[in-house]
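Novice: If it helps, the file is called query.cif and holds mmCIF, C-alpha atoms and all ligand atoms:
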data_data
loop_
_atom_site.group_PDB
_atom_site.id
_atom_site.type_symbol
_atom_site.label_atom_id
_atom_site.label_comp_id
_atom_site.auth_asym_id
_atom_site.auth_seq_id
_atom_site.Cartn_x
_atom_site.Cartn_y
_atom_site.Cartn_z
ATOM 1 C CA MET A 1 0.000 0.000 0.000
ATOM 2 C CA ARG A 2 1.417 3.391 -1.042
ATOM 3 C CA GLU A 3 0.668 6.406 1.126
ATOM 4 C CA ILE A 4 -0.095 9.733 -0.535
ATOM 5 C CA ALA A 5 -0.599 12.863 1.553
ATOM 6 C CA ALA A 6 -3.840 14.774 1.001
ATOM 7 C CA ARG A 7 -1.786 17.972 0.679
ATOM 8 C CA GLU A 8 -0.056 16.518 -2.421
ATOM 9 C CA ILE A 9 -3.474 16.150 -4.041
ATOM 10 C CA THR A 10 -4.373 19.713 -3.060
ATOM 11 C CA ARG A 11 -1.154 21.056 -4.563
ATOM 12 C CA ALA A 12 -1.670 19.122 -7.792
ATOM 13 C CA VAL A 13 -5.277 20.305 -8.206
ATOM 14 C CA LYS A 14 -4.281 23.910 -7.504
ATOM 15 C CA ASP A 15 -1.574 23.764 -10.204
ATOM 16 C CA LEU A 16 -3.959 22.077 -12.659
ATOM 17 C CA ALA A 17 -6.627 24.765 -12.141
ATOM 18 C CA MET A 18 -4.130 27.526 -12.923
ATOM 19 C CA ASP A 19 -2.456 25.662 -15.787
ATOM 20 C CA ALA A 20 -5.824 24.894 -17.425
ATOM 21 C CA ALA A 21 -6.900 28.535 -17.240
ATOM 22 C CA TYR A 22 -3.665 29.842 -18.842
ATOM 23 C CA HIS A 23 -2.540 27.225 -21.341
ATOM 24 C CA LEU A 24 -4.654 25.974 -24.198
ATOM 25 C CA GLY A 25 -3.532 22.462 -25.159
ATOM 26 C CA ASP A 26 -1.282 21.923 -28.193
ATOM 27 C CA ASP A 27 -4.051 19.867 -29.800
ATOM 28 C CA VAL A 28 -6.477 22.810 -29.607
ATOM 29 C CA ILE A 29 -3.902 25.252 -30.974
ATOM 30 C CA LYS A 30 -3.176 22.891 -33.852
ATOM 31 C CA ALA A 31 -6.896 22.437 -34.566
ATOM 32 C CA LEU A 32 -7.429 26.213 -34.585
ATOM 33 C CA GLU A 33 -4.466 26.618 -36.972
ATOM 34 C CA ASN A 34 -5.868 23.897 -39.231
ATOM 35 C CA GLY A 35 -9.242 25.650 -39.146
ATOM 36 C CA LEU A 36 -7.554 28.897 -40.156
ATOM 37 C CA GLY A 37 -5.935 27.149 -43.106
ATOM 38 C CA LEU A 38 -9.316 25.902 -44.331
ATOM 39 C CA GLU A 39 -11.489 28.903 -43.470
ATOM 40 C CA SER A 40 -12.698 30.942 -46.447
ATOM 41 C CA SER A 41 -14.799 33.511 -44.572
ATOM 42 C CA PRO A 42 -12.728 36.687 -43.897
ATOM 43 C CA THR A 43 -14.610 37.251 -40.619
ATOM 44 C CA GLY A 44 -14.104 33.621 -39.645
ATOM 45 C CA ARG A 45 -10.370 33.939 -40.353
ATOM 46 C CA GLU A 46 -10.183 37.122 -38.303
ATOM 47 C CA VAL A 47 -11.886 35.430 -35.324
ATOM 48 C CA LEU A 48 -9.580 32.402 -35.516
ATOM 49 C CA GLU A 49 -6.523 34.671 -35.653
ATOM 50 C CA GLN A 50 -7.796 36.516 -32.589
ATOM 51 C CA LEU A 51 -8.385 33.256 -30.722
ATOM 52 C CA LEU A 52 -4.824 32.133 -31.472
ATOM 53 C CA LYS A 53 -3.468 35.512 -30.403
ATOM 54 C CA ASN A 54 -5.576 35.374 -27.245
ATOM 55 C CA ALA A 55 -4.175 31.921 -26.419
ATOM 56 C CA ARG A 56 -0.606 33.221 -26.877
ATOM 57 C CA ILE A 57 -1.208 36.257 -24.646
ATOM 58 C CA ALA A 58 -2.825 34.098 -21.951
ATOM 59 C CA ALA A 59 0.053 31.617 -21.917
ATOM 60 C CA GLU A 60 2.822 34.232 -21.944
ATOM 61 C CA GLY A 61 1.277 36.564 -19.404
ATOM 62 C CA LYS A 62 -0.333 33.883 -17.267
ATOM 63 C CA PHE A 63 -3.791 35.367 -17.774
ATOM 64 C CA PRO A 64 -7.001 33.334 -17.996
ATOM 65 C CA MET A 65 -7.824 32.749 -21.672
ATOM 66 C CA CYS A 66 -11.512 33.589 -20.952
ATOM 67 C CA GLN A 67 -13.351 35.545 -18.269
ATOM 68 C CA ASP A 68 -15.433 32.427 -17.616
ATOM 69 C CA THR A 69 -12.829 30.236 -15.944
ATOM 70 C CA GLY A 70 -15.375 27.484 -15.556
ATOM 71 C CA PHE A 71 -16.717 24.949 -13.146
ATOM 72 C CA ALA A 72 -13.854 22.724 -11.957
ATOM 73 C CA VAL A 73 -14.688 19.203 -13.100
ATOM 74 C CA VAL A 74 -12.153 16.754 -11.675
ATOM 75 C CA PHE A 75 -11.767 13.191 -12.911
ATOM 76 C CA VAL A 76 -9.917 10.980 -10.457
ATOM 77 C CA GLU A 77 -8.487 7.552 -11.195
ATOM 78 C CA LEU A 78 -7.570 6.264 -7.758
ATOM 79 C CA GLY A 79 -5.293 3.241 -7.559
ATOM 80 C CA GLN A 80 -6.736 0.642 -5.191
ATOM 81 C CA ASP A 81 -3.299 0.319 -3.543
ATOM 82 C CA VAL A 82 -3.252 3.957 -2.447
ATOM 83 C CA HIS A 83 -3.949 5.113 1.092
ATOM 84 C CA ILE A 84 -4.614 8.837 1.393
ATOM 85 C CA LYS A 85 -3.299 10.200 4.667
ATOM 86 C CA GLY A 86 -3.824 13.494 6.451
ATOM 87 C CA GLY A 87 -7.231 14.299 4.966
ATOM 88 C CA ASP A 88 -9.971 13.039 2.709
ATOM 89 C CA LEU A 89 -9.970 12.987 -1.071
ATOM 90 C CA ASP A 90 -12.945 15.288 -1.731
ATOM 91 C CA GLU A 91 -11.751 17.962 0.660
ATOM 92 C CA ALA A 92 -8.204 17.759 -0.698
ATOM 93 C CA ILE A 93 -9.543 18.374 -4.219
ATOM 94 C CA ASN A 94 -11.853 21.184 -3.146
ATOM 95 C CA GLU A 95 -9.012 22.874 -1.260
ATOM 96 C CA GLY A 96 -6.899 22.707 -4.422
ATOM 97 C CA VAL A 97 -9.689 24.346 -6.442
ATOM 98 C CA ARG A 98 -10.151 26.964 -3.714
ATOM 99 C CA GLN A 99 -6.431 27.840 -3.629
ATOM 100 C CA GLY A 100 -5.953 27.773 -7.410
ATOM 101 C CA TYR A 101 -8.925 29.996 -8.213
ATOM 102 C CA GLN A 102 -8.054 32.370 -5.350
ATOM 103 C CA GLU A 103 -4.334 32.702 -6.017
ATOM 104 C CA ALA A 104 -4.707 33.141 -9.779
ATOM 105 C CA TYR A 105 -7.694 35.525 -9.481
ATOM 106 C CA LEU A 106 -9.801 33.180 -11.601
ATOM 107 C CA ARG A 107 -13.471 34.092 -11.682
ATOM 108 C CA LYS A 108 -15.591 32.253 -9.133
ATOM 109 C CA SER A 109 -18.512 30.873 -11.139
ATOM 110 C CA VAL A 110 -20.385 28.595 -8.726
ATOM 111 C CA CYS A 111 -23.576 29.721 -7.010
ATOM 112 C CA HIS A 112 -26.749 28.595 -5.228
ATOM 113 C CA PRO A 113 -29.303 27.611 -7.900
ATOM 114 C CA PHE A 114 -32.145 29.727 -6.455
ATOM 115 C CA THR A 115 -30.592 32.695 -4.648
ATOM 116 C CA ARG A 116 -27.669 32.829 -7.129
ATOM 117 C CA LYS A 117 -25.415 33.606 -4.137
ATOM 118 C CA ASN A 118 -21.837 32.798 -5.137
ATOM 119 C CA THR A 119 -20.104 30.149 -3.018
ATOM 120 C CA GLY A 120 -17.109 32.493 -3.158
ATOM 121 C CA ASP A 121 -14.331 30.039 -3.955
ATOM 122 C CA ASN A 122 -15.527 28.062 -7.005
ATOM 123 C CA THR A 123 -16.268 25.001 -4.879
ATOM 124 C CA PRO A 124 -17.690 22.447 -4.695
ATOM 125 C CA ALA A 125 -15.818 20.867 -7.583
ATOM 126 C CA ILE A 126 -17.602 18.218 -9.616
ATOM 127 C CA ILE A 127 -15.665 15.043 -8.783
ATOM 128 C CA HIS A 128 -15.866 11.832 -10.814
ATOM 129 C CA LEU A 129 -14.082 8.965 -9.085
ATOM 130 C CA LYS A 130 -12.964 5.716 -10.668
ATOM 131 C CA ILE A 131 -11.125 3.021 -8.709
ATOM 132 C CA VAL A 132 -8.408 1.410 -10.824
ATOM 133 C CA THR A 133 -5.572 -1.038 -10.264
ATOM 134 C CA GLY A 134 -2.179 0.212 -9.120
ATOM 135 C CA ASN A 135 -0.767 2.661 -6.606
ATOM 136 C CA ARG A 136 -1.067 5.994 -8.363
ATOM 137 C CA ILE A 137 -3.617 8.763 -8.641
ATOM 138 C CA ARG A 138 -4.395 10.311 -12.020
ATOM 139 C CA LEU A 139 -6.059 13.708 -11.724
ATOM 140 C CA THR A 140 -7.619 15.438 -14.738
ATOM 141 C CA LEU A 141 -9.136 18.862 -14.272
ATOM 142 C CA ALA A 142 -11.437 20.438 -16.843
ATOM 143 C CA GLY A 143 -12.567 24.052 -16.472
ATOM 144 C CA LYS A 144 -16.057 23.881 -17.996
ATOM 145 C CA GLY A 145 -17.588 27.091 -19.250
ATOM 146 C CA GLY A 146 -21.273 27.839 -18.648
ATOM 147 C CA GLY A 147 -22.150 28.928 -22.194
ATOM 148 C CA SER A 148 -21.183 25.623 -23.771
ATOM 149 C CA GLU A 149 -22.496 23.512 -20.888
ATOM 150 C CA ASN A 150 -25.915 25.161 -21.288
ATOM 151 C CA MET A 151 -26.143 23.887 -24.855
ATOM 152 C CA SER A 152 -25.536 20.252 -23.829
ATOM 153 C CA ARG A 153 -28.343 17.679 -23.711
ATOM 154 C CA VAL A 154 -29.207 14.083 -22.905
ATOM 155 C CA MET A 155 -31.756 12.419 -25.164
ATOM 156 C CA MET A 156 -33.333 8.987 -24.826
ATOM 157 C CA LEU A 157 -33.639 7.921 -28.455
ATOM 158 C CA LYS A 158 -35.593 4.896 -29.612
ATOM 159 C CA PRO A 159 -33.419 1.830 -30.292
ATOM 160 C CA SER A 160 -34.770 1.840 -33.854
ATOM 161 C CA ASP A 161 -33.290 5.315 -34.403
ATOM 162 C CA GLY A 162 -29.897 3.627 -34.705
ATOM 163 C CA LYS A 163 -26.706 5.258 -35.914
ATOM 164 C CA THR A 164 -28.497 7.544 -38.373
ATOM 165 C CA GLY A 165 -30.768 8.851 -35.628
ATOM 166 C CA ILE A 166 -27.783 9.511 -33.369
ATOM 167 C CA ILE A 167 -25.868 11.390 -36.074
ATOM 168 C CA ASP A 168 -28.944 13.488 -36.960
ATOM 169 C CA TYR A 169 -29.560 14.284 -33.284
ATOM 170 C CA VAL A 170 -25.986 15.440 -32.635
ATOM 171 C CA VAL A 171 -25.894 17.615 -35.764
ATOM 172 C CA GLN A 172 -29.279 19.126 -34.879
ATOM 173 C CA ARG A 173 -28.071 19.890 -31.337
ATOM 174 C CA VAL A 174 -25.059 21.803 -32.643
ATOM 175 C CA LYS A 175 -27.270 23.603 -35.175
ATOM 176 C CA GLU A 176 -29.744 24.683 -32.493
ATOM 177 C CA SER A 177 -26.884 25.830 -30.255
ATOM 178 C CA GLY A 178 -25.785 28.354 -32.873
ATOM 179 C CA PRO A 179 -23.337 30.904 -31.507
ATOM 180 C CA ASN A 180 -24.165 30.235 -27.827
ATOM 181 C CA PRO A 181 -21.391 27.746 -26.998
ATOM 182 C CA CYS A 182 -18.657 30.062 -28.364
ATOM 183 C CA PRO A 183 -17.645 28.179 -31.506
ATOM 184 C CA PRO A 184 -15.509 26.663 -32.838
ATOM 185 C CA VAL A 185 -16.716 23.931 -30.530
ATOM 186 C CA ILE A 186 -15.592 20.455 -29.595
ATOM 187 C CA VAL A 187 -18.449 17.968 -29.402
ATOM 188 C CA GLY A 188 -18.341 15.149 -26.859
ATOM 189 C CA VAL A 189 -20.892 12.401 -27.480
ATOM 190 C CA GLY A 190 -21.847 9.664 -25.025
ATOM 191 C CA ILE A 191 -23.818 6.714 -26.391
ATOM 192 C CA GLY A 192 -25.318 3.968 -24.255
ATOM 193 C CA GLY A 193 -25.270 3.245 -20.555
ATOM 194 C CA THR A 194 -28.154 4.876 -18.722
ATOM 195 C CA PHE A 195 -29.465 8.458 -18.651
ATOM 196 C CA GLU A 196 -26.727 9.704 -16.289
ATOM 197 C CA ARG A 197 -24.008 7.436 -17.642
ATOM 198 C CA ALA A 198 -24.430 8.791 -21.175
ATOM 199 C CA ALA A 199 -23.851 12.327 -19.857
ATOM 200 C CA LEU A 200 -20.658 11.266 -18.112
ATOM 201 C CA LEU A 201 -19.431 9.443 -21.218
ATOM 202 C CA ALA A 202 -19.978 12.597 -23.263
ATOM 203 C CA LYS A 203 -17.938 14.612 -20.787
ATOM 204 C CA GLU A 204 -15.195 12.004 -20.709
ATOM 205 C CA ALA A 205 -15.129 12.015 -24.509
ATOM 206 C CA LEU A 206 -14.082 15.671 -24.372
ATOM 207 C CA LEU A 207 -10.865 14.687 -22.574
ATOM 208 C CA ARG A 208 -9.467 12.898 -25.622
ATOM 209 C CA ASN A 209 -7.029 14.953 -27.688
ATOM 210 C CA ILE A 210 -8.586 16.621 -30.726
ATOM 211 C CA GLY A 211 -7.758 14.775 -33.911
ATOM 212 C CA LYS A 212 -7.361 11.426 -32.167
ATOM 213 C CA ALA A 213 -10.109 9.261 -33.618
ATOM 214 C CA SER A 214 -11.980 6.656 -31.588
ATOM 215 C CA PRO A 215 -10.175 3.284 -31.624
ATOM 216 C CA ASP A 216 -13.532 1.739 -32.644
ATOM 217 C CA PRO A 217 -13.693 2.077 -36.480
ATOM 218 C CA GLU A 218 -17.486 2.351 -36.431
ATOM 219 C CA LEU A 219 -17.374 5.269 -33.975
ATOM 220 C CA ALA A 220 -14.429 6.854 -35.799
ATOM 221 C CA GLU A 221 -16.542 6.863 -38.970
ATOM 222 C CA MET A 222 -19.460 8.480 -37.113
ATOM 223 C CA GLU A 223 -17.109 11.140 -35.686
ATOM 224 C CA LYS A 224 -15.968 11.961 -39.221
ATOM 225 C CA ILE A 225 -19.494 12.145 -40.625
ATOM 226 C CA ILE A 226 -20.753 14.386 -37.812
ATOM 227 C CA LEU A 227 -17.721 16.694 -38.082
ATOM 228 C CA GLU A 228 -18.235 17.111 -41.829
ATOM 229 C CA ARG A 229 -21.953 17.785 -41.470
ATOM 230 C CA VAL A 230 -21.499 20.233 -38.600
ATOM 231 C CA ASN A 231 -18.869 22.167 -40.525
ATOM 232 C CA LYS A 232 -21.368 22.626 -43.344
ATOM 233 C CA LEU A 233 -23.864 24.380 -41.033
ATOM 234 C CA GLY A 234 -22.219 27.757 -41.637
ATOM 235 C CA ILE A 235 -22.246 28.836 -37.971
ATOM 236 C CA GLY A 236 -18.513 29.555 -38.071
ATOM 237 C CA PRO A 237 -16.055 31.010 -35.554
ATOM 238 C CA ALA A 238 -17.875 33.006 -32.836
ATOM 239 C CA GLY A 239 -21.080 32.264 -34.729
ATOM 240 C CA LEU A 240 -20.270 34.967 -37.298
ATOM 241 C CA GLY A 241 -20.366 32.642 -40.276
ATOM 242 C CA GLY A 242 -17.813 30.385 -41.877
ATOM 243 C CA ARG A 243 -16.675 26.818 -42.159
ATOM 244 C CA THR A 244 -14.959 26.310 -38.798
ATOM 245 C CA THR A 245 -17.904 25.575 -36.511
ATOM 246 C CA CYS A 246 -16.348 22.515 -34.916
ATOM 247 C CA LEU A 247 -12.761 21.390 -34.273
ATOM 248 C CA GLY A 248 -13.492 17.817 -33.315
ATOM 249 C CA VAL A 249 -16.188 15.242 -32.543
ATOM 250 C CA GLN A 250 -15.328 12.598 -29.964
ATOM 251 C CA ILE A 251 -17.570 9.660 -29.114
ATOM 252 C CA GLU A 252 -17.507 7.195 -26.216
ATOM 253 C CA MET A 253 -19.912 4.263 -26.094
ATOM 254 C CA GLU A 254 -21.032 1.554 -23.650
ATOM 255 C CA PRO A 255 -23.758 -1.118 -23.724
ATOM 256 C CA CYS A 256 -27.286 0.050 -22.918
ATOM 257 C CA HIS A 257 -30.647 -1.440 -21.893
ATOM 258 C CA ILE A 258 -32.494 -3.354 -24.633
ATOM 259 C CA ALA A 259 -35.355 -0.818 -24.441
ATOM 260 C CA SER A 260 -33.156 2.288 -24.628
ATOM 261 C CA LEU A 261 -30.692 4.263 -26.710
ATOM 262 C CA PRO A 262 -29.360 7.093 -24.519
ATOM 263 C CA VAL A 263 -27.349 9.771 -26.309
ATOM 264 C CA ALA A 264 -25.670 12.732 -24.634
ATOM 265 C CA VAL A 265 -24.080 15.700 -26.329
ATOM 266 C CA ASN A 266 -21.656 17.697 -24.212
ATOM 267 C CA ILE A 267 -20.470 20.719 -26.133
ATOM 268 C CA ASN A 268 -17.265 22.508 -25.230
ATOM 269 C CA CYS A 269 -16.173 25.913 -26.415
ATOM 270 C CA HIS A 270 -12.861 26.943 -27.965
ATOM 271 C CA ALA A 271 -11.576 27.515 -24.386
ATOM 272 C CA HIS A 272 -11.176 23.751 -24.298
ATOM 273 C CA ARG A 273 -9.344 23.408 -20.974
ATOM 274 C CA HIS A 274 -8.207 20.163 -19.457
ATOM 275 C CA LYS A 275 -4.954 19.240 -17.772
ATOM 276 C CA GLU A 276 -3.714 16.037 -16.218
ATOM 277 C CA PHE A 277 -1.267 15.072 -13.482
ATOM 278 C CA ILE A 278 -0.250 11.721 -12.062
ATOM 279 C CA ILE A 279 0.879 11.325 -8.450
HETATM 280 S S1 LIG B 1 -18.482 29.119 -23.200
HETATM 281 FE FE1 LIG B 1 -16.231 28.996 -23.123
HETATM 282 S S2 LIG B 1 -15.415 30.646 -24.397
HETATM 283 FE FE2 LIG B 1 -17.601 31.039 -24.002
HETATM 284 S S3 LIG B 1 -17.578 32.425 -22.227
HETATM 285 FE FE3 LIG B 1 -17.812 30.327 -21.427
HETATM 286 S S4 LIG B 1 -15.717 29.595 -21.059
HETATM 287 FE FE4 LIG B 1 -15.554 31.420 -22.326
#
Any chance you could give the structure as structure tokens?
Specialist:
Amino acid sequence: MREIAAREITRAVKDLAMDAAYHLGDDVIKALENGLGLESSPTGREVLEQLLKNARIAAEGKFPMCQDTGFAVVFVELGQDVHIKGGDLDEAINEGVRQGYQEAYLRKSVCHPFTRKNTGDNTPAIIHLKIVTGNRIRLTLAGKGGGSENMSRVMMLKPSDGKTGIIDYVVQRVKESGPNPCPPVIVGVGIGGTFERAALLAKEALLRNIGKASPDPELAEMEKIILERVNKLGIGPAGLGGRTTCLGVQIEMEPCHIASLPVAVNINCHAHRHKEFII
């Protein structure tokens, strides 16, 4: 059994929160550059150039890339041979979020649903825990913006809707979202499981690097078809028209009930922030 101090988890989460807010991943930068190379709309090109410039300024100056620094969604893979000492896991993570958002002056975006009173420190984090083999902890923090999260949906399709129904639903969801999720977007799709499991799969799908196709050839083909169709919608960068509506479509799938076909679409904006650390 390996012992890991709760304060190590706190430190890691704090660093991840700050890193995610400042540094757009290389995969996102590359996807934006590719989009720029293919974009024919002058306004679309201008927006993409500004997004790339914004990412550079944020990284160099250690500024948040967007005013909405997001809800801290933390995925934890906890090795079953780990014993956490000196505190509990949830509190260690929340303390890391608290310290990171405070120290870096990141906007606190979490509030009471009715009174809208801000919790003041961006906690509680959303924590997804998976127990795995081994003696390490893998922490992945995603700063999820409100605009793109609001455009996300779970739909219980009919089993007879099949692959065509799923593709049509995802494309329609992006179409209806229009400029609201701050395009160019990344589309996470969860297929199968149950109502809540599909939503989690869609969020997990967003963690895969852009451009890395699903290892399942059938899903990889669906990702390609959806991406092509979405980029023909004409929404474009910032919703001002153009080809580059979407940088990537990423699908995760699990078995579902014989009576159901759950599909979740979790849309992320161009501030596609997720960082990982292993203890
Ligand atoms: S949806 Fe994304 S880009 Fe738009 S305001 Fe929120 S965090 Fe920023």
Novice: Applying the PyMOL selection byres (((chain A and resi 14-24) around 8) and not hetatm) to the file I just gave you, which residues come out? Please list them as a PDB file with C-alpha atoms, in the coordinates of the input.
Specialist:
ATOM      1  CA  THR A  10      -4.373  19.713  -3.060  1.00  0.00           C
ATOM      2  CA  ARG A  11      -1.154  21.056  -4.563  1.00  0.00           C
ATOM      3  CA  ALA A  12      -1.670  19.122  -7.792  1.00  0.00           C
ATOM      4  CA  VAL A  13      -5.277  20.305  -8.206  1.00  0.00           C
ATOM      5  CA  GLY A  25      -3.532  22.462 -25.159  1.00  0.00           C
ATOM      6  CA  ASP A  26      -1.282  21.923 -28.193  1.00  0.00           C
ATOM      7  CA  VAL A  28      -6.477  22.810 -29.607  1.00  0.00           C
ATOM      8  CA  ILE A  29      -3.902  25.252 -30.974  1.00  0.00           C
ATOM      9  CA  ALA A  55      -4.175  31.921 -26.419  1.00  0.00           C
ATOM     10  CA  ALA A  58      -2.825  34.098 -21.951  1.00  0.00           C
ATOM     11  CA  ALA A  59       0.053  31.617 -21.917  1.00  0.00           C
ATOM     12  CA  LYS A  62      -0.333  33.883 -17.267  1.00  0.00           C
ATOM     13  CA  PHE A  63      -3.791  35.367 -17.774  1.00  0.00           C
ATOM     14  CA  PRO A  64      -7.001  33.334 -17.996  1.00  0.00           C
ATOM     15  CA  MET A  65      -7.824  32.749 -21.672  1.00  0.00           C
ATOM     16  CA  CYS A  66     -11.512  33.589 -20.952  1.00  0.00           C
ATOM     17  CA  THR A  69     -12.829  30.236 -15.944  1.00  0.00           C
ATOM     18  CA  ALA A  72     -13.854  22.724 -11.957  1.00  0.00           C
ATOM     19  CA  GLU A  95      -9.012  22.874  -1.260  1.00  0.00           C
ATOM     20  CA  GLY A  96      -6.899  22.707  -4.422  1.00  0.00           C
ATOM     21  CA  VAL A  97      -9.689  24.346  -6.442  1.00  0.00           C
ATOM     22  CA  ARG A  98     -10.151  26.964  -3.714  1.00  0.00           C
ATOM     23  CA  GLN A  99      -6.431  27.840  -3.629  1.00  0.00           C
ATOM     24  CA  GLY A 100      -5.953  27.773  -7.410  1.00  0.00           C
ATOM     25  CA  TYR A 101      -8.925  29.996  -8.213  1.00  0.00           C
ATOM     26  CA  ALA A 104      -4.707  33.141  -9.779  1.00  0.00           C
ATOM     27  CA  LEU A 106      -9.801  33.180 -11.601  1.00  0.00           C
ATOM     28  CA  THR A 140      -7.619  15.438 -14.738  1.00  0.00           C
ATOM     29  CA  LEU A 141      -9.136  18.862 -14.272  1.00  0.00           C
ATOM     30  CA  ALA A 142     -11.437  20.438 -16.843  1.00  0.00           C
ATOM     31  CA  GLY A 143     -12.567  24.052 -16.472  1.00  0.00           C
ATOM     32  CA  ALA A 271     -11.576  27.515 -24.386  1.00  0.00           C
ATOM     33  CA  HIS A 272     -11.176  23.751 -24.298  1.00  0.00           C
ATOM     34  CA  ARG A 273      -9.344  23.408 -20.974  1.00  0.00           C
ATOM     35  CA  HIS A 274      -8.207  20.163 -19.457  1.00  0.00           C
ATOM     36  CA  LYS A 275      -4.954  19.240 -17.772  1.00  0.00           C
ATOM     37  CA  GLU A 276      -3.714  16.037 -16.218  1.00  0.00           C
ATOM     38  CA  PHE A 277      -1.267  15.072 -13.482  1.00  0.00           C
TER      39      PHE A 277
END
Novice: Residues within 8 Å of ligand LIG 1 (chain B), counting all atoms listed in the file: report them as a list in words.
Specialist: Met65, Cys66, Gln67, Asp68, Thr69, Gly70, Gly143, Lys144, Gly145, Gly146, Gly147, Ser148, Glu149, Asn180, Pro181, Cys182, Pro183, Asn268, Cys269, His270, Ala271 and His272 of chain A
Novice: Counting all atoms listed in the file, note down every residue that has an atom within 12 Å of the point (-17.6, 14.2, -41.1) (file coordinates), as a ChimeraX atom specification.
Specialist: /A:167,170-171,213,219-233,246-250
Novice: Once the PyMOL selection byres (((chain A and resi 85) around 9) and not hetatm) is applied to the coordinates I shared, what remains selected? I want it as number ranges by chain.
Specialist: A: 3-7, 83-84, 86-88
Novice: So which residues get picked by the PyMOL selection byres (((chain A and resi 37-42) around 8) and not hetatm) here, written as a list in words?
Specialist: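 On this input, the PyMOL selection byres (((chain A and resi 37-42) around 8) and not hetatm) captures Glu33, Asn34, Gly35, Leu36, Thr43, Gly44, Arg45, Glu46, Gly241, Gly242, Arg243 and Thr244 of chain A.
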Novice: Closest to Gly190 (chain A) among A:Met156, A:Leu240, A:Ile126, A:Val263, using only C-alpha atoms?
Specialist: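 Going through A:Met156, A:Leu240, A:Ile126, A:Val263 one by one, the smallest distance to Gly190 (chain A) is for A:Val263.
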Novice: Calculate how many Å separate CA of Asp27 (chain A) from CA of Ile210 (chain A), rounding to one decimal.
Specialist: 5.7 Å
Novice: CA of Leu78 (chain A) to CA of Asn94 (chain A): how many Å, to one decimal?
Specialist: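 Pair CA of Leu78 (chain A) / CA of Asn94 (chain A) returns 16.2 Å.
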Novice: Tell me which protein, DNA and RNA residues are within 8 Å of Leu201 (chain A), counting only C-alpha atoms, leaving out same-chain ones fewer than 5 positions away, and put them as a ChimeraX atom specification.
Specialist: /A:189-191,252-253,264
Novice: For Ile131 (chain A), which residue among A:His257, A:Glu176, A:Lys158, A:Gln80 is the nearest when counting all atoms listed in the file?
Specialist: A:Gln80
Novice: When you count all atoms listed in the file, which of these residues is closest to Ala202 (chain A): A:Asp81, A:Glu8, A:Glu254, A:Glu218?
Specialist: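 Closest to Ala202 (chain A) of all the choices is A:Glu254.
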Novice: In Å, with one decimal, what is the gap from CA of Ile251 (chain A) to CA of Thr194 (chain A)?
Specialist: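 Interatomic distance, CA of Ile251 (chain A) to CA of Thr194 (chain A): 15.6 Å.
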Novice: Of the candidates A:Ala31, A:Val82, A:Asn150, A:Leu89, which shows the shortest atom-to-atom distance to Ile127 (chain A), using all atoms listed in the file?
Specialist: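 Among the listed residues, A:Leu89 lies closest to Ile127 (chain A).
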Novice: Kindly indicate which residue among A:Gly193, A:Ser152, A:Arg138, A:Lys203 lies nearest to Ile258 (chain A), using all atoms listed in the file for the distances.
Specialist: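 Closest to Ile258 (chain A), using all atoms listed in the file: A:Gly193.
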Novice: With distances taken over all atoms listed in the file, which of A:Leu261, A:Val132, A:Ile235, A:Val154 is nearest to Gly178 (chain A)?
Specialist: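 Ranked by minimum distance to Gly178 (chain A), first place goes to A:Ile235.
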